[in-house]
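S.K.: File follows, model_17.csv with CSV, C-alpha atoms:
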```csv
chain,number,residue,atom,x,y,z
K,1,MET,CA,19.4,-8.6,1.6
K,2,LYS,CA,20.1,-8.1,-2.0
K,3,LYS,CA,17.6,-6.2,-4.0
K,4,ASN,CA,16.6,-9.1,-6.3
K,5,ILE,CA,15.8,-11.4,-3.3
K,6,GLY,CA,13.6,-8.6,-1.9
K,7,LEU,CA,11.9,-8.3,-5.3
K,8,CYS,CA,11.3,-12.0,-5.4
K,9,ILE,CA,9.6,-11.8,-2.0
K,10,PHE,CA,7.3,-9.1,-3.2
K,11,ALA,CA,6.6,-11.0,-6.5
K,12,LEU,CA,5.6,-14.0,-4.4
K,13,ILE,CA,3.2,-11.9,-2.2
K,14,HIS,CA,1.6,-10.4,-5.3
K,15,LEU,CA,1.4,-13.8,-7.0
K,16,TYR,CA,-0.4,-15.2,-4.0
K,17,TYR,CA,-2.8,-12.2,-4.1
K,18,SER,CA,-3.5,-12.7,-7.8
K,19,ILE,CA,-4.1,-16.4,-7.3
K,20,GLN,CA,-6.5,-15.7,-4.5
K,21,LEU,CA,-8.4,-13.3,-6.8
K,22,LEU,CA,-8.6,-15.9,-9.5
K,23,SER,CA,-9.7,-18.7,-7.2
K,24,ASN,CA,-12.5,-16.5,-5.7
K,25,GLY,CA,-14.3,-15.9,-8.9
K,26,VAL,CA,-12.7,-12.7,-10.3
K,27,PRO,CA,-12.8,-13.1,-14.1
K,28,ALA,CA,-9.6,-14.6,-15.5
K,29,PHE,CA,-9.3,-11.9,-18.2
K,30,GLU,CA,-9.1,-9.1,-15.6
K,31,VAL,CA,-6.5,-11.0,-13.4
K,32,CYS,CA,-4.4,-11.8,-16.6
K,33,LEU,CA,-4.5,-8.1,-17.6
K,34,LEU,CA,-3.4,-7.1,-14.1
K,35,ALA,CA,-0.7,-9.8,-14.1
K,36,LEU,CA,0.6,-8.8,-17.5
K,37,PHE,CA,1.2,-5.1,-16.6
K,38,VAL,CA,2.5,-5.9,-13.1
K,39,THR,CA,5.0,-8.4,-14.7
K,40,LEU,CA,6.2,-5.7,-17.1
K,41,ALA,CA,6.8,-3.4,-14.1
K,42,TYR,CA,8.7,-6.2,-12.3
K,43,LEU,CA,10.8,-6.9,-15.3
K,44,TRP,CA,11.8,-3.2,-15.4
K,45,GLU,CA,12.6,-3.3,-11.7
K,46,PHE,CA,14.8,-6.4,-12.1
K,47,GLY,CA,16.6,-4.7,-15.0
K,48,HIS,CA,17.3,-1.4,-13.3
K,49,ASP,CA,19.3,-2.2,-10.2
K,50,HIS,CA,20.0,1.4,-9.2
K,51,HIS,CA,19.8,1.1,-5.5
K,52,ASN,CA,22.0,-2.0,-4.9
K,53,ARG,CA,23.2,-0.9,-1.4
K,54,SER,CA,23.7,-3.3,1.5
K,55,VAL,CA,21.3,-3.2,4.4
K,56,ASP,CA,22.4,-1.3,7.5
K,57,ALA,CA,22.0,-3.9,10.3
K,58,SER,CA,22.1,-1.2,13.0
K,59,ARG,CA,18.6,-0.1,11.8
K,60,ILE,CA,17.0,-3.5,12.2
K,61,PRO,CA,16.3,-3.4,16.0
K,62,SER,CA,14.7,0.1,15.9
K,63,SER,CA,12.5,-1.0,12.9
K,64,VAL,CA,11.4,-4.2,14.7
K,65,ILE,CA,10.5,-2.4,17.9
K,66,SER,CA,8.7,0.5,16.3
K,67,ALA,CA,6.7,-1.9,14.0
K,68,SER,CA,5.7,-4.0,17.0
K,69,LEU,CA,4.6,-1.0,19.0
K,70,GLY,CA,2.7,0.5,16.0
K,71,GLY,CA,0.9,-2.9,15.4
K,72,VAL,CA,-0.1,-3.3,19.0
K,73,CYS,CA,-1.3,0.3,19.4
K,74,CYS,CA,-3.4,0.0,16.3
K,75,TYR,CA,-4.8,-3.4,17.3
K,76,LEU,CA,-5.8,-2.2,20.8
K,77,LEU,CA,-7.3,1.0,19.4
K,78,SER,CA,-9.3,-0.6,16.6
K,79,PRO,CA,-12.2,-1.9,18.7
K,80,GLU,CA,-12.9,1.7,19.9
K,81,THR,CA,-12.3,3.6,16.7
K,82,GLY,CA,-12.4,1.0,13.8
K,83,PRO,CA,-9.2,-0.2,12.1
K,84,ILE,CA,-9.0,2.6,9.5
K,85,LEU,CA,-9.2,5.5,12.0
K,86,ALA,CA,-6.8,3.6,14.4
K,87,CYS,CA,-4.3,3.3,11.5
K,88,GLY,CA,-4.7,7.0,10.6
K,89,LEU,CA,-4.2,8.1,14.2
K,90,VAL,CA,-1.2,5.9,14.9
K,91,GLY,CA,0.3,6.9,11.6
K,92,LEU,CA,-0.1,10.5,12.3
K,93,LEU,CA,1.6,10.2,15.7
K,94,ALA,CA,4.3,8.0,14.1
K,95,SER,CA,5.0,10.7,11.5
K,96,PHE,CA,6.3,13.0,14.4
K,97,LEU,CA,8.9,10.4,15.5
K,98,THR,CA,11.5,12.0,13.3
K,99,HIS,CA,11.1,15.2,15.3
K,100,MET,CA,11.9,13.3,18.5
K,101,PHE,CA,14.7,11.1,17.2
K,102,LYS,CA,16.8,13.4,15.0
K,103,ASP,CA,19.6,10.9,14.3
K,104,LYS,CA,19.7,9.9,10.7
K,105,LYS,CA,19.5,6.3,11.8
K,106,TYR,CA,15.9,6.8,13.0
K,107,HIS,CA,14.7,8.6,9.9
K,108,GLU,CA,12.7,5.5,8.8
K,109,LEU,CA,10.9,5.0,12.1
K,110,PRO,CA,7.5,6.5,10.8
K,111,TYR,CA,7.6,4.0,7.9
K,112,SER,CA,8.3,1.0,10.0
K,113,THR,CA,5.7,2.0,12.6
K,114,TYR,CA,3.2,2.5,9.8
K,115,CYS,CA,4.1,-0.9,8.4
K,116,GLY,CA,3.4,-2.5,11.8
K,117,CYS,CA,0.0,-0.6,11.9
K,118,PHE,CA,-1.2,-2.6,9.0
K,119,VAL,CA,-0.8,-5.9,10.9
K,120,GLY,CA,-2.7,-4.3,13.8
K,121,MET,CA,-5.6,-3.5,11.3
K,122,SER,CA,-6.4,-7.2,11.1
K,123,ALA,CA,-9.7,-8.3,12.4
K,124,HIS,CA,-9.8,-9.8,15.9
K,125,THR,CA,-11.1,-13.0,14.5
K,126,VAL,CA,-8.0,-13.4,12.3
K,127,LEU,CA,-5.4,-12.4,14.9
K,128,PRO,CA,-6.9,-13.4,18.2
K,129,ASP,CA,-4.5,-11.7,20.7
K,130,ALA,CA,-2.1,-8.8,21.0
K,131,ILE,CA,1.0,-11.1,21.5
K,132,THR,CA,0.4,-12.5,18.0
K,133,VAL,CA,0.1,-9.0,16.6
K,134,LEU,CA,3.3,-8.0,18.5
K,135,ILE,CA,5.3,-10.9,16.9
K,136,LEU,CA,3.8,-10.5,13.4
K,137,ALA,CA,4.4,-6.8,13.4
K,138,GLY,CA,7.9,-7.4,14.6
K,139,VAL,CA,8.4,-9.8,11.6
K,140,SER,CA,7.0,-7.1,9.3
K,141,GLY,CA,9.4,-4.6,10.8
K,142,LEU,CA,12.3,-7.0,10.1
K,143,LEU,CA,11.1,-7.6,6.5
K,144,PHE,CA,10.8,-3.8,6.1
K,145,ALA,CA,14.4,-3.3,7.2
K,146,THR,CA,15.8,-6.0,5.0
K,147,THR,CA,13.8,-5.4,1.8
K,148,LYS,CA,14.2,-1.6,2.0
K,149,ARG,CA,15.8,-1.2,-1.4
K,150,SER,CA,13.2,-3.3,-3.3
K,151,LEU,CA,10.2,-1.5,-4.9
K,152,GLU,CA,11.5,1.7,-3.5
K,153,GLY,CA,9.0,4.5,-3.9
K,154,VAL,CA,6.1,2.2,-4.8
K,155,GLY,CA,3.1,3.0,-2.7
K,156,GLY,CA,1.6,0.0,-0.9
K,157,ARG,CA,4.9,-1.8,-0.4
K,158,LEU,CA,4.5,-1.5,3.4
K,159,GLY,CA,1.1,-3.0,3.2
K,160,SER,CA,2.5,-5.9,1.1
K,161,ILE,CA,5.0,-6.6,3.8
K,162,SER,CA,2.3,-6.7,6.5
K,163,PHE,CA,0.1,-8.8,4.3
K,164,ALA,CA,3.0,-11.4,3.9
K,165,SER,CA,3.4,-11.7,7.6
K,166,VAL,CA,-0.3,-12.1,8.3
K,167,VAL,CA,-0.9,-14.5,5.5
K,168,CYS,CA,2.1,-16.7,6.6
K,169,TYR,CA,0.5,-16.8,10.1
K,170,ILE,CA,-2.9,-17.8,8.7
K,171,LEU,CA,-1.4,-20.5,6.5
K,172,ILE,CA,0.6,-21.9,9.4
K,173,HIS,CA,-2.4,-21.7,11.7
K,174,ASN,CA,-4.7,-23.5,9.2
K,175,TYR,CA,-2.0,-26.2,8.5
K,176,LYS,CA,-1.9,-27.1,12.2
I,177,MET,CA,-24.3,5.5,-8.0
I,178,ASN,CA,-22.5,3.4,-5.4
I,179,THR,CA,-19.6,2.7,-7.9
I,180,ILE,CA,-19.3,6.5,-8.5
I,181,ILE,CA,-19.0,7.1,-4.8
I,182,LEU,CA,-16.2,4.5,-4.5
I,183,PHE,CA,-14.3,6.1,-7.5
I,184,LEU,CA,-14.7,9.6,-6.0
I,185,SER,CA,-13.4,8.3,-2.6
I,186,ALA,CA,-10.4,6.8,-4.3
I,187,TYR,CA,-9.7,10.1,-6.1
I,188,LEU,CA,-10.0,11.9,-2.8
I,189,GLY,CA,-7.6,9.5,-1.0
I,190,ILE,CA,-5.0,9.6,-3.8
I,191,GLY,CA,-5.4,13.3,-4.6
I,192,LEU,CA,-5.2,14.5,-1.1
I,193,THR,CA,-2.1,12.5,-0.3
I,194,TYR,CA,-0.5,13.5,-3.6
I,195,TYR,CA,-1.3,17.2,-3.0
I,196,LEU,CA,-0.1,17.2,0.7
I,197,LYS,CA,3.1,15.4,-0.3
I,198,ARG,CA,4.0,17.6,-3.3
I,199,THR,CA,2.7,21.0,-2.3
I,200,PHE,CA,3.7,21.0,1.4
I,201,GLU,CA,6.6,18.6,1.0
I,202,MET,CA,5.0,16.6,3.8
I,203,ASN,CA,6.3,13.3,5.2
I,204,THR,CA,4.4,10.6,3.2
I,205,VAL,CA,3.2,8.8,6.3
I,206,ARG,CA,1.7,12.1,7.7
I,207,ALA,CA,0.1,12.9,4.3
I,208,SER,CA,-1.4,9.4,4.1
I,209,SER,CA,-2.6,9.5,7.7
I,210,ILE,CA,-4.3,12.9,7.2
I,211,SER,CA,-6.1,11.6,4.1
I,212,ILE,CA,-7.3,8.5,6.1
I,213,ILE,CA,-8.6,10.7,8.9
I,214,ALA,CA,-10.3,13.0,6.3
I,215,GLY,CA,-12.0,9.9,4.8
I,216,CYS,CA,-13.3,8.9,8.2
I,217,CYS,CA,-14.6,12.4,8.8
I,218,ILE,CA,-16.4,12.3,5.5
I,219,GLN,CA,-18.0,9.0,6.4
I,220,PHE,CA,-19.1,10.5,9.8
I,221,LEU,CA,-20.5,13.7,8.3
I,222,LEU,CA,-22.5,11.9,5.6
I,223,TYR,CA,-23.7,9.0,7.8
I,224,LYS,CA,-27.2,10.3,8.5
I,225,ALA,CA,-27.7,12.2,5.2
I,226,PHE,CA,-26.9,9.3,3.0
I,227,PRO,CA,-29.5,6.7,2.1
I,228,ASP,CA,-27.2,3.7,1.4
I,229,GLN,CA,-25.2,3.0,4.5
I,230,THR,CA,-23.4,0.0,3.0
I,231,VAL,CA,-21.5,2.0,0.4
I,232,LEU,CA,-20.7,4.6,3.0
I,233,LEU,CA,-19.0,2.0,5.2
I,234,LYS,CA,-16.7,1.2,2.4
I,235,VAL,CA,-15.6,4.8,1.9
I,236,PRO,CA,-12.8,4.9,4.6
I,237,TYR,CA,-11.4,1.6,3.2
I,238,VAL,CA,-11.2,3.0,-0.3
I,239,VAL,CA,-9.7,6.3,0.9
I,240,CYS,CA,-7.2,4.4,3.0
I,241,GLY,CA,-6.1,2.1,0.1
I,242,ALA,CA,-6.0,5.0,-2.4
I,243,SER,CA,-3.8,7.0,0.0
I,244,PHE,CA,-1.3,4.2,-0.1
I,245,CYS,CA,-1.1,4.6,-3.9
I,246,GLY,CA,-0.6,8.4,-3.3
I,247,MET,CA,2.4,7.6,-1.2
I,248,SER,CA,4.3,6.7,-4.4
I,249,SER,CA,7.4,8.7,-5.3
I,250,SER,CA,7.4,11.4,-8.0
I,251,GLY,CA,9.4,9.1,-10.2
I,252,ILE,CA,6.5,6.6,-10.3
I,253,LEU,CA,3.4,8.8,-10.3
I,254,LYS,CA,4.8,11.4,-12.5
I,255,ASN,CA,1.7,13.7,-12.8
I,256,LYS,CA,-1.8,14.1,-11.5
I,257,PHE,CA,-3.3,12.3,-14.5
I,258,TRP,CA,-1.4,9.1,-13.8
I,259,ALA,CA,-2.5,9.5,-10.1
I,260,ILE,CA,-6.1,9.6,-11.2
I,261,GLY,CA,-5.5,6.6,-13.5
I,262,CYS,CA,-3.9,4.8,-10.5
I,263,GLY,CA,-6.9,5.6,-8.4
I,264,THR,CA,-9.2,4.1,-11.0
I,265,ILE,CA,-7.2,0.9,-11.1
I,266,TYR,CA,-7.2,0.7,-7.3
I,267,THR,CA,-11.0,1.1,-7.1
I,268,LEU,CA,-11.4,-1.8,-9.6
I,269,ILE,CA,-9.0,-4.0,-7.6
I,270,PHE,CA,-10.8,-3.0,-4.3
I,271,MET,CA,-14.2,-3.9,-5.7
I,272,ALA,CA,-12.9,-7.3,-6.8
I,273,SER,CA,-11.0,-8.1,-3.6
I,274,ALA,CA,-12.9,-6.4,-0.8
I,275,LEU,CA,-14.6,-9.5,0.4
I,276,ILE,CA,-11.8,-11.9,-0.3
I,277,PHE,CA,-9.2,-10.3,2.0
I,278,LYS,CA,-11.7,-9.0,4.6
I,279,GLY,CA,-10.0,-8.7,8.0
I,280,ILE,CA,-6.5,-9.5,6.7
I,281,GLY,CA,-4.1,-6.7,7.6
I,282,GLY,CA,-2.2,-5.4,4.6
I,283,GLY,CA,-4.8,-6.4,2.1
I,284,LEU,CA,-5.6,-2.8,1.1
I,285,GLY,CA,-1.9,-2.0,0.9
I,286,THR,CA,-1.2,-5.0,-1.4
I,287,GLY,CA,-4.1,-4.0,-3.7
I,288,ALA,CA,-2.6,-0.5,-3.7
I,289,CYS,CA,0.8,-1.8,-4.6
I,290,LEU,CA,-0.6,-3.9,-7.4
I,291,ALA,CA,-2.5,-0.8,-8.7
I,292,VAL,CA,0.7,1.3,-8.7
I,293,LEU,CA,2.7,-1.5,-10.4
I,294,MET,CA,0.0,-1.9,-13.0
I,295,SER,CA,0.0,1.9,-13.7
I,296,ARG,CA,3.8,1.7,-14.0
I,297,GLY,CA,3.5,-1.2,-16.5
I,298,LEU,CA,0.9,0.7,-18.4
I,299,ILE,CA,3.1,3.8,-18.6
I,300,MET,CA,6.0,1.7,-19.9
I,301,PHE,CA,3.7,0.0,-22.5
I,302,ALA,CA,2.3,3.4,-23.6
I,303,THR,CA,5.8,4.9,-23.9
I,304,THR,CA,7.0,1.9,-25.9
I,305,VAL,CA,4.0,2.0,-28.3
I,306,GLU,CA,4.5,5.8,-28.7
I,307,LYS,CA,8.2,5.3,-29.6
I,308,PHE,CA,7.3,2.5,-32.1
I,309,ILE,CA,4.7,4.7,-33.8
I,310,LEU,CA,7.1,7.7,-34.0
I,311,SER,CA,9.9,5.5,-35.5
I,312,TYR,CA,7.4,4.1,-38.0
I,313,LYS,CA,6.3,7.6,-39.0
I,314,LEU,CA,9.9,8.7,-39.5
I,315,LYS,CA,10.5,5.7,-41.8
```
Step by step, read the file and then write its structure as structure tokens.

M.R.:
Amino acid sequence: MKKNIGLCIFALIHLYYSIQLLSNGVPAFEVCLLALFVTLAYLWEFGHDHHNRSVDASRIPSSVISASLGGVCCYLLSPETGPILACGLVGLLASFLTHMFKDKKYHELPYSTYCGCFVGMSAHTVLPDAITVLILAGVSGLLFATTKRSLEGVGGRLGSISFASVVCYILIHNYK
Amino acid sequence: MNTIILFLSAYLGIGLTYYLKRTFEMNTVRASSISIIAGCCIQFLLYKAFPDQTVLLKVPYVVCGASFCGMSSSGILKNKFWAIGCGTIYTLIFMASALIFKGIGGGLGTGACLAVLMSRGLIMFATTVEKFILSYKLK
């Protein structure tokens, strides 16, 4: 996926987040201030296309599998430990995956697993079963692999990807 | 008092992740996970000693979100002062959005991403204003 398409996806996610803030009573001045500076950062990102490399398709299956596993582990662990500690523990274990899989192809496994974890952090009232989490975490793993060059180095981009997949599920579920 | 605790939690989350990443050249996922576990430990240690339990329940969430901000590369959070600024912005976003996105996975991460992007926008704005003032003085 080209970098600009990936950036558009992130921009849509953040636009949805800002609109939700606005529609839930957060003062318009604060949201506008946030939107102004975030737009500035996006304009800079669109203008500086210094990572325009194609996506390595061979990395997609490993990203999808690791994200799915990370999501389900976090989801199953969260009733016992709480979602935050579950995420921390799964993330800590995931960070050692690079020691197990030394091939350069698997260097991003901790990131994709961590991305899946965020889907698994959802409340059990929002995502009712582990199969849904498995699928949504897989989708977030796919998005992670395809939008890898967008917003590179920006903290929270993994969370934004997970947020997109969970929100899409909620919107589809509510529409039904 | 509650607001100060939330701000301090954010500084802990972002600072610890930033420190572990830069000083020990640690994997960002590991640095963030350690910060999150540290946040949970702090909540556990202070649970009985602290009078207001509601704010204490929010501490791990703030530390978690702030640690995502700390995962940013050195090109984005250039020094610790910008990291502190980013932590402040994140806490403000968290306080506004905590109830809106409750239970939705990735809500903390999206807030963190917006905080980092806003910090970046502010850096760019500050740099542009500085250049403008310098060029005006030279004239």

S.K.: For the interface of stretch 190-257 of chain I with stretch 277-287 of chain I (cut-off 8 Å, counting all atoms listed in the file), please tabulate each contacting residue of stretch 190-257 of chain I alongside its nearest pair of atoms and their separation in Å to one decimal, rows sorted by chain and increasing number, as a Markdown table.

M.R.:
```
| residue | atom | partner | partner_atom | distance |
| --- | --- | --- | --- | --- |
| I:Tyr237 | CA | I:Leu284 | CA | 7.6 |
| I:Cys240 | CA | I:Leu284 | CA | 7.6 |
| I:Gly241 | CA | I:Leu284 | CA | 5.0 |
| I:Phe244 | CA | I:Gly285 | CA | 6.3 |
```

S.K.: Applying 7 Å and all atoms listed in the file, which residues near I:Val292 remain after dropping the ones on its own chain fewer than 6 positions away? List them as a list in words.

M.R.: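 Near I:Val292, the qualifying residues are Val154 and Gly155 of chain K; Cys245 and Cys262 of chain I.
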
S.K.: From the options K:Val38, K:Ile65, K:Leu15, K:Ala57, which residue's atoms come nearest to chain I, counting all atoms listed in the file?

M.R.: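 With all atoms listed in the file as the atom set, the closest residue is K:Val38.
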
S.K.: I'd like the contact shell of K:Gly88 - 9 Å cut-off, only C-alpha atoms, skipping same-chain residues fewer than 3 positions apart - returned as a PyMOL selection string.

M.R.: (chain K and resi 83-85+91-93) or (chain I and resi 206+208-213+240)

S.K.: In Å to one decimal, how far is atom CA of K:Leu143 from atom CA of I:Leu298?

M.R.: 28.2 Å

S.K.: So that I can check the surroundings of K:Ala130, please list as a list in words every protein, DNA and RNA residue that reaches within 8 Å of it, counting only C-alpha atoms and ignoring chain neighbours fewer than 3 positions away.

M.R.: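 Answer for this query is Val72, Tyr75, Leu76, Leu127, Val133 and Leu134 of chain K.
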
S.K.: What would the list of residues within 10 Å of (-3.6, -7.1, -13.3) (file frame) look like as a PyMOL selection string, if all atoms listed in the file are what count?

M.R.: (chain K and resi 18+28-39) or (chain I and resi 265+269+290-291+293-295+297)

S.K.: Distance cut-off 7 Å, counting all atoms listed in the file - which residues of chain K neighbour chain I? Return them as a PyMOL selection string.

M.R.: chain K and resi 21+26+34+37-38+40-41+84-85+88-89+91-92+95+110-111+118-123+126+153-160+162-163+166

S.K.: May I ask for the distance between atom CA of K:Leu69 and atom CA of K:Lys102, given in Å to one decimal place?

M.R.: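 If I compute the distance from atom CA of K:Leu69 to atom CA of K:Lys102, I get 19.3 Å.
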
S.K.: May I ask for the distance between atom CA of I:Tyr312 and atom CA of K:Trp44, given in Å to one decimal place?

M.R.: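 So the answer is 24.2 Å.
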
S.K.: Which protein, DNA or RNA residues have an atom at most 8 Å from (1.8, -12.5, 1.8), counting all atoms listed in the file? List them as a PyMOL selection string.

M.R.: chain K and resi 12-14+16-17+160-168

S.K.: So, counting all atoms listed in the file, which residue among I:Leu310, I:Val305, I:Val235, I:Leu188 is closest to I:Thr264?

M.R.: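 When distances to I:Thr264 are compared using all atoms listed in the file, the smallest one comes from I:Leu188.
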
S.K.: Neighbouring residues of stretch 177-182 of chain I were defined as those with any atom within 8 Å, considering only C-alpha atoms; residues of the same chain fewer than 4 positions away were excluded. Please report them as an MDAnalysis selection string.

M.R.: chainID I and resid 186 231 234:235 238 267
